[in-house]
file my_file_35.txt (compact mmCIF, C-alpha atoms)
# COMPACT_ATOMS: atom_id res chain seq x y z
CA MET R 1 0.26 -62.27 49.38
CA ALA R 2 0.13 -62.26 45.58
CA ASP R 3 3.23 -61.58 43.59
CA ALA R 4 3.46 -58.14 42.01
CA ILE R 5 2.73 -58.01 38.32
CA PRO R 6 5.98 -57.21 36.51
CA PHE R 7 6.16 -54.01 34.48
CA ARG R 8 5.78 -54.61 30.75
CA LYS R 9 7.40 -52.23 28.29
CA ASN R 10 5.35 -50.73 25.47
CA GLU R 11 6.94 -52.63 22.57
CA LYS R 12 4.65 -50.93 20.03
CA GLU R 13 6.40 -47.62 20.67
CA LYS R 14 9.73 -48.67 19.15
CA LEU R 15 8.00 -50.45 16.25
CA PHE R 16 5.86 -47.41 15.45
CA ASP R 17 8.84 -45.05 15.81
CA ALA R 18 10.88 -47.20 13.40
CA TYR R 19 8.00 -47.26 10.91
CA LEU R 20 7.62 -43.47 11.07
CA ALA R 21 11.36 -43.01 10.48
CA LYS R 22 11.47 -45.54 7.63
CA GLU R 23 8.47 -43.97 5.89
CA ASN R 24 9.71 -40.42 6.61
CA LEU R 25 6.44 -39.55 8.35
CA ASN R 26 7.02 -36.55 10.57
CA PHE R 27 3.53 -35.24 11.26
CA PHE R 28 3.15 -36.64 14.79
CA HIS R 29 3.93 -35.07 18.16
CA LYS R 30 4.95 -37.82 20.58
CA ARG R 31 4.03 -37.69 24.27
CA ALA R 32 5.02 -40.36 26.78
CA LEU R 33 2.83 -40.47 29.90
CA HIS R 34 5.31 -42.48 32.02
CA ASN R 35 2.49 -44.40 33.70
CA GLU R 36 2.04 -48.04 34.73
CA SER R 37 0.82 -48.93 31.21
CA ASP R 38 3.84 -47.24 29.57
CA THR R 39 1.41 -45.19 27.45
CA VAL R 40 2.76 -43.21 24.52
CA ILE R 41 0.47 -40.93 22.53
CA TYR R 42 1.16 -39.76 19.00
CA ILE R 43 -0.82 -36.62 18.16
CA THR R 44 -1.59 -35.28 14.70
CA ALA R 45 -4.26 -33.37 12.79
CA ILE R 46 -6.39 -34.78 10.00
CA PRO R 47 -8.41 -32.91 7.37
CA ALA R 48 -12.21 -33.02 7.41
CA GLY R 49 -13.48 -30.71 4.69
CA ASP R 50 -12.69 -27.15 5.80
CA TYR R 51 -11.66 -28.35 9.27
CA ARG R 52 -8.60 -29.96 10.83
CA LEU R 53 -9.35 -32.41 13.61
CA LEU R 54 -7.09 -33.45 16.45
CA CYS R 55 -6.31 -37.16 16.25
CA ALA R 56 -4.31 -39.32 18.66
CA VAL R 57 -2.79 -42.77 18.33
CA MET R 58 -2.55 -44.24 21.84
CA THR R 59 -0.20 -47.16 22.41
CA ASP R 60 0.61 -48.92 25.66
CA ASN R 61 1.74 -52.31 26.96
CA SER R 62 -1.64 -53.95 26.29
CA ILE R 63 -2.76 -55.62 23.05
CA TYR R 64 -4.79 -52.52 22.16
CA THR R 65 -3.96 -49.46 20.10
CA ILE R 66 -6.62 -46.76 20.10
CA VAL R 67 -7.00 -44.15 17.39
CA ARG R 68 -9.19 -41.30 18.65
CA CYS R 69 -10.29 -38.13 16.88
CA HIS R 70 -11.93 -35.21 18.62
CA LEU R 71 -14.75 -34.11 16.32
CA GLY R 72 -15.92 -31.12 18.35
CA ASP R 73 -18.24 -30.25 21.20
CA ARG R 74 -21.95 -30.08 21.88
CA VAL R 75 -23.84 -28.38 24.66
CA PRO R 76 -24.65 -31.19 27.14
CA GLY R 77 -28.39 -31.73 27.47
CA ALA R 78 -29.28 -29.69 24.38
CA ALA R 79 -32.93 -29.72 23.32
CA ASP R 80 -32.11 -31.86 20.28
CA GLU R 81 -30.31 -34.51 22.36
CA PRO R 82 -32.70 -37.42 21.52
CA ALA R 83 -32.42 -36.73 17.79
CA PHE R 84 -28.64 -36.37 18.05
CA LEU R 85 -28.28 -39.65 19.94
CA GLU R 86 -30.35 -41.35 17.24
CA PHE R 87 -28.03 -39.80 14.63
CA LEU R 88 -24.98 -41.24 16.50
CA ARG R 89 -26.69 -44.62 16.84
CA SER R 90 -27.27 -44.69 13.08
CA LEU R 91 -23.62 -43.81 12.39
CA ASN R 92 -22.44 -46.56 14.74
CA ALA R 93 -24.83 -49.05 13.12
CA ARG R 94 -23.61 -48.22 9.60
CA HIS R 95 -19.88 -48.16 10.32
CA ALA R 96 -18.61 -51.13 12.32
CA PHE R 97 -14.97 -49.99 12.12
CA PHE R 98 -15.65 -46.53 13.60
CA LYS R 99 -17.37 -45.90 16.92
CA TYR R 100 -18.77 -42.54 17.89
CA ALA R 101 -19.13 -41.52 21.53
CA MET R 102 -19.86 -38.38 23.50
CA ASN R 103 -18.52 -37.68 26.99
CA GLU R 104 -20.42 -35.96 29.82
CA GLU R 105 -18.93 -32.56 28.91
CA GLY R 106 -20.28 -32.81 25.34
CA GLY R 107 -17.04 -33.79 23.60
CA LEU R 108 -17.71 -35.92 20.53
CA TYR R 109 -15.13 -38.54 19.51
CA LEU R 110 -14.56 -41.10 16.81
CA ASP R 111 -12.64 -44.16 18.05
CA VAL R 112 -11.04 -47.14 16.37
CA CYS R 113 -9.58 -49.97 18.44
CA LEU R 114 -6.90 -52.16 16.88
CA SER R 115 -5.65 -55.24 18.69
CA ALA R 116 -2.46 -57.19 18.19
CA ARG R 117 0.13 -58.92 20.32
CA ASP R 118 3.53 -57.26 20.20
CA ASP R 119 4.83 -59.86 17.73
CA HIS R 120 1.90 -59.14 15.37
CA PHE R 121 1.75 -55.35 15.69
CA ASP R 122 1.79 -53.74 12.24
CA PRO R 123 2.31 -49.95 12.23
CA ALA R 124 1.09 -49.81 8.62
CA MET R 125 -2.37 -50.67 10.00
CA ILE R 126 -2.36 -47.38 11.90
CA ARG R 127 -1.54 -45.49 8.72
CA MET R 128 -4.31 -47.33 6.88
CA THR R 129 -6.71 -46.57 9.73
CA LEU R 130 -5.87 -42.86 9.59
CA ASN R 131 -6.37 -42.89 5.82
CA LEU R 132 -9.79 -44.52 6.28
CA ILE R 133 -10.73 -41.94 8.92
CA VAL R 134 -9.75 -39.10 6.58
CA TYR R 135 -11.84 -40.61 3.78
CA HIS R 136 -14.76 -41.23 6.14
CA MET R 137 -14.61 -37.70 7.58
CA GLN R 138 -14.67 -36.17 4.09
CA GLU R 139 -18.01 -37.90 3.58
CA THR R 140 -19.46 -37.69 7.09
CA TYR R 141 -18.13 -34.61 8.88
CA PRO R 142 -20.41 -32.09 7.11
CA SER R 143 -23.45 -33.87 8.58
CA ILE R 144 -21.75 -34.18 12.00
CA VAL R 145 -20.65 -30.55 12.26
CA ALA R 146 -24.28 -29.42 11.87
CA TRP R 147 -24.97 -30.95 15.32
CA LEU R 148 -21.99 -29.33 17.06
CA ALA R 149 -21.83 -26.14 19.10
CA ARG R 150 -18.10 -25.97 18.30
CA PRO R 151 -16.41 -27.94 15.50
CA GLY R 152 -13.08 -29.62 16.12
CA ASP R 153 -10.06 -27.34 15.68
CA ALA R 154 -6.73 -29.12 15.99
CA GLU R 155 -4.63 -25.95 15.96
CA LYS R 156 -6.52 -24.31 18.83
CA GLU R 157 -6.60 -27.57 20.82
CA LEU R 158 -2.85 -28.14 20.38
CA ASN R 159 -2.14 -24.56 21.44
CA GLY R 160 -4.38 -24.83 24.51
CA GLU R 161 -6.82 -22.20 23.24
CA LEU R 162 -9.93 -24.33 23.81
call {"tool": "encode", "arguments": {"input": "my_file_35.txt", "output": "structure tokens"}}
result
Amino acid sequence: MADAIPFRKNEKEKLFDAYLAKENLNFFHKRALHNESDTVIYITAIPAGDYRLLCAVMTDNSIYTIVRCHLGDRVPGAADEPAFLEFLRSLNARHAFFKYAMNEEGGLYLDVCLSARDDHFDPAMIRMTLNLIVYHMQETYPSIVAWLARPGDAEKELNGEL
């Protein structure tokens, strides 16, 4: 019988918390999932033109930190699906740092994956990533929102209205 894999603590959590305190950044809601990966999610809203999009920074005990923004929703299987998928493919081809994906329910997301061992984790990279996303969304979101049945709305999503 194989030995059980020992539980590893999410070391990025304390580093990110210390960075937020040091920089006096208080615009995140923190949610610990208390799962086997010791996942902690930091939720915030970012501006995108006239919209505010829900954005999450997901840390756990792996080498990965995921930054994910919910851009809005489409009707699954819409008539313009082939053209929309080509539009997403072109965005993904142009922007190596950002990856766009749609789930089966029509939710559209922008993801960034950062990797670093605990001893090389730099919380300032998350802040830089969020700044790049904000800049990118100012340029790109107007063309994205034209494809959506419902634009992203951080306030309604945080309040459980969607």
call {"tool": "closest_residue", "arguments": {"input": "my_file_35.txt", "among": "R:Asp17, R:Asp73, R:Glu155, R:Glu161", "to": "Ile46 (chain R)", "atoms": "all atoms listed in the file"}}
result
R:Glu155
call {"tool": "residues_around", "arguments": {"input": "my_file_35.txt", "residues": "Ala124 (chain R)", "least_positions_apart": "2", "cutoff": "10 Å", "atoms": "only C-alpha atoms", "output": "list in words"}}
result
Phe16, Tyr19, Leu20, Glu23, Phe121, Asp122, Ile126, Arg127, Met128, Thr129 and Leu130 of chain R
call {"tool": "closest_residue", "arguments": {"input": "my_file_35.txt", "among": "R:Lys22, R:Lys9, R:His120, R:Arg150", "to": "Thr59 (chain R)", "atoms": "only C-alpha atoms"}}
result
R:Lys9
call {"tool": "closest_residue", "arguments": {"input": "my_file_35.txt", "among": "R:Asp50, R:Ser143, R:Arg117, R:Ala18", "to": "Phe87 (chain R)", "atoms": "only C-alpha atoms"}}
result
R:Ser143
call {"tool": "atom_distance", "arguments": {"input": "my_file_35.txt", "atom1": "CA of Pro123 (chain R)", "atom2": "CA of Thr39 (chain R)"}}
result
16.0 Å
call {"tool": "closest_residue", "arguments": {"input": "my_file_35.txt", "among": "R:Trp147, R:Arg31, R:Leu158, R:Leu15", "to": "Ala83 (chain R)", "atoms": "only C-alpha atoms"}}
result
R:Trp147
call {"tool": "closest_residue", "arguments": {"input": "my_file_35.txt", "among": "R:Ala48, R:Leu148, R:Met58, R:Leu88", "to": "Phe28 (chain R)", "atoms": "all atoms listed in the file"}}
result
R:Met58
call {"tool": "closest_residue", "arguments": {"input": "my_file_35.txt", "among": "R:Ala32, R:Met102, R:Leu85, R:Ile144", "to": "Glu13 (chain R)", "atoms": "all atoms listed in the file"}}
result
R:Ala32
call {"tool": "atom_distance", "arguments": {"input": "my_file_35.txt", "atom1": "CA of Glu11 (chain R)", "atom2": "CA of Asp118 (chain R)"}}
result
6.2 Å
call {"tool": "residues_near_point", "arguments": {"input": "my_file_35.txt", "point": "(-6.4, -47.1, 21.7)", "cutoff": "10 Å", "atoms": "only C-alpha atoms", "output": "MDAnalysis selection string"}}
result
chainID R and resid 39 41 56:60 62:68 111:115
call {"tool": "atom_distance", "arguments": {"input": "my_file_35.txt", "atom1": "CA of Cys69 (chain R)", "atom2": "CA of Arg8 (chain R)"}}
result
26.9 Å
call {"tool": "axis_aligned_box", "arguments": {"input": "my_file_35.txt", "around": "region 101-109 of chain R", "padding_each_side": "8 Å", "output": "JSON"}}
result
{"center_x": -17.8, "center_y": -37.0, "center_z": 24.7, "size_x": 21.3, "size_y": 25.0, "size_z": 26.3}
call {"tool": "residues_around", "arguments": {"input": "my_file_35.txt", "residues": "Glu157 (chain R)", "least_positions_apart": "2", "cutoff": "12 Å", "atoms": "only C-alpha atoms", "output": "list in words"}}
result
Ile43, Thr44, Ala45, Arg52, Leu53, Leu54, Cys55, Cys69, His70, Leu71, Gly72, Asp73, Arg150, Pro151, Gly152, Asp153, Ala154, Glu155, Asn159, Gly160, Glu161 and Leu162 of chain R
call {"tool": "build_atoms", "arguments": {"input": "my_file_35.txt", "residues": "region 76-87 of chain R", "atoms": "all heavy atoms", "output": "mmCIF file, in the frame of the given file"}}
result
data_model
loop_
_atom_site.group_PDB
_atom_site.id
_atom_site.type_symbol
_atom_site.label_atom_id
_atom_site.label_comp_id
_atom_site.auth_asym_id
_atom_site.auth_seq_id
_atom_site.Cartn_x
_atom_site.Cartn_y
_atom_site.Cartn_z
ATOM 1 N N PRO R 76 -24.007 -30.038 26.475
ATOM 2 C CA PRO R 76 -24.650 -31.190 27.140
ATOM 3 C C PRO R 76 -26.121 -30.891 27.448
ATOM 4 O O PRO R 76 -26.466 -29.794 27.867
ATOM 5 C CB PRO R 76 -23.837 -31.353 28.431
ATOM 6 C CG PRO R 76 -22.526 -30.696 28.151
ATOM 7 C CD PRO R 76 -22.842 -29.564 27.210
ATOM 8 N N GLY R 77 -26.966 -31.870 27.178
ATOM 9 C CA GLY R 77 -28.390 -31.730 27.470
ATOM 10 C C GLY R 77 -29.136 -30.810 26.531
ATOM 11 O O GLY R 77 -30.203 -30.308 26.871
ATOM 12 N N ALA R 78 -28.608 -30.564 25.345
ATOM 13 C CA ALA R 78 -29.280 -29.690 24.380
ATOM 14 C C ALA R 78 -30.672 -30.230 24.055
ATOM 15 O O ALA R 78 -30.942 -31.426 24.188
ATOM 16 C CB ALA R 78 -28.434 -29.564 23.110
ATOM 17 N N ALA R 79 -31.530 -29.351 23.605
ATOM 18 C CA ALA R 79 -32.930 -29.720 23.320
ATOM 19 C C ALA R 79 -33.027 -30.822 22.271
ATOM 20 O O ALA R 79 -33.956 -31.629 22.299
ATOM 21 C CB ALA R 79 -33.710 -28.489 22.881
ATOM 22 N N ASP R 80 -32.073 -30.859 21.353
ATOM 23 C CA ASP R 80 -32.110 -31.860 20.280
ATOM 24 C C ASP R 80 -31.379 -33.152 20.641
ATOM 25 O O ASP R 80 -31.094 -33.977 19.773
ATOM 26 C CB ASP R 80 -31.543 -31.274 18.986
ATOM 27 C CG ASP R 80 -30.064 -30.915 19.093
ATOM 28 O OD1 ASP R 80 -29.495 -30.965 20.205
ATOM 29 O OD2 ASP R 80 -29.479 -30.571 18.055
ATOM 30 N N GLU R 81 -31.086 -33.347 21.923
ATOM 31 C CA GLU R 81 -30.310 -34.510 22.360
ATOM 32 C C GLU R 81 -30.882 -35.855 21.882
ATOM 33 O O GLU R 81 -30.124 -36.684 21.363
ATOM 34 C CB GLU R 81 -30.190 -34.513 23.889
ATOM 35 C CG GLU R 81 -29.146 -35.470 24.406
ATOM 36 C CD GLU R 81 -27.736 -34.907 24.332
ATOM 37 O OE1 GLU R 81 -27.552 -33.750 23.954
ATOM 38 O OE2 GLU R 81 -26.822 -35.649 24.647
ATOM 39 N N PRO R 82 -32.196 -36.127 22.007
ATOM 40 C CA PRO R 82 -32.700 -37.420 21.520
ATOM 41 C C PRO R 82 -32.458 -37.632 20.024
ATOM 42 O O PRO R 82 -32.049 -38.722 19.616
ATOM 43 C CB PRO R 82 -34.201 -37.366 21.834
ATOM 44 C CG PRO R 82 -34.302 -36.403 22.971
ATOM 45 C CD PRO R 82 -33.237 -35.371 22.710
ATOM 46 N N ALA R 83 -32.657 -36.610 19.228
ATOM 47 C CA ALA R 83 -32.420 -36.730 17.790
ATOM 48 C C ALA R 83 -30.936 -36.931 17.501
ATOM 49 O O ALA R 83 -30.559 -37.725 16.630
ATOM 50 C CB ALA R 83 -32.957 -35.499 17.055
ATOM 51 N N PHE R 84 -30.075 -36.224 18.238
ATOM 52 C CA PHE R 84 -28.640 -36.370 18.050
ATOM 53 C C PHE R 84 -28.176 -37.774 18.416
ATOM 54 O O PHE R 84 -27.390 -38.388 17.693
ATOM 55 C CB PHE R 84 -27.876 -35.324 18.872
ATOM 56 C CG PHE R 84 -26.389 -35.505 18.803
ATOM 57 C CD1 PHE R 84 -25.694 -35.257 17.623
ATOM 58 C CD2 PHE R 84 -25.678 -35.954 19.895
ATOM 59 C CE1 PHE R 84 -24.321 -35.444 17.547
ATOM 60 C CE2 PHE R 84 -24.317 -36.146 19.836
ATOM 61 C CZ PHE R 84 -23.633 -35.890 18.656
ATOM 62 N N LEU R 85 -28.659 -38.293 19.537
ATOM 63 C CA LEU R 85 -28.280 -39.650 19.940
ATOM 64 C C LEU R 85 -28.751 -40.677 18.923
ATOM 65 O O LEU R 85 -28.048 -41.659 18.657
ATOM 66 C CB LEU R 85 -28.814 -39.958 21.338
ATOM 67 C CG LEU R 85 -28.175 -39.138 22.463
ATOM 68 C CD1 LEU R 85 -28.857 -39.429 23.787
ATOM 69 C CD2 LEU R 85 -26.679 -39.363 22.539
ATOM 70 N N GLU R 86 -29.879 -40.467 18.318
ATOM 71 C CA GLU R 86 -30.350 -41.350 17.240
ATOM 72 C C GLU R 86 -29.423 -41.244 16.027
ATOM 73 O O GLU R 86 -29.109 -42.237 15.383
ATOM 74 C CB GLU R 86 -31.794 -41.035 16.861
ATOM 75 C CG GLU R 86 -32.335 -41.884 15.732
ATOM 76 C CD GLU R 86 -32.270 -43.398 15.984
ATOM 77 O OE1 GLU R 86 -32.296 -43.839 17.140
ATOM 78 O OE2 GLU R 86 -32.178 -44.142 14.983
ATOM 79 N N PHE R 87 -28.983 -40.025 15.722
ATOM 80 C CA PHE R 87 -28.030 -39.800 14.630
ATOM 81 C C PHE R 87 -26.730 -40.582 14.905
ATOM 82 O O PHE R 87 -26.225 -41.288 14.020
ATOM 83 C CB PHE R 87 -27.750 -38.299 14.490
ATOM 84 C CG PHE R 87 -26.623 -37.948 13.562
ATOM 85 C CD1 PHE R 87 -26.757 -38.092 12.193
ATOM 86 C CD2 PHE R 87 -25.422 -37.463 14.066
ATOM 87 C CE1 PHE R 87 -25.715 -37.766 11.332
ATOM 88 C CE2 PHE R 87 -24.374 -37.132 13.226
ATOM 89 C CZ PHE R 87 -24.521 -37.283 11.857
#
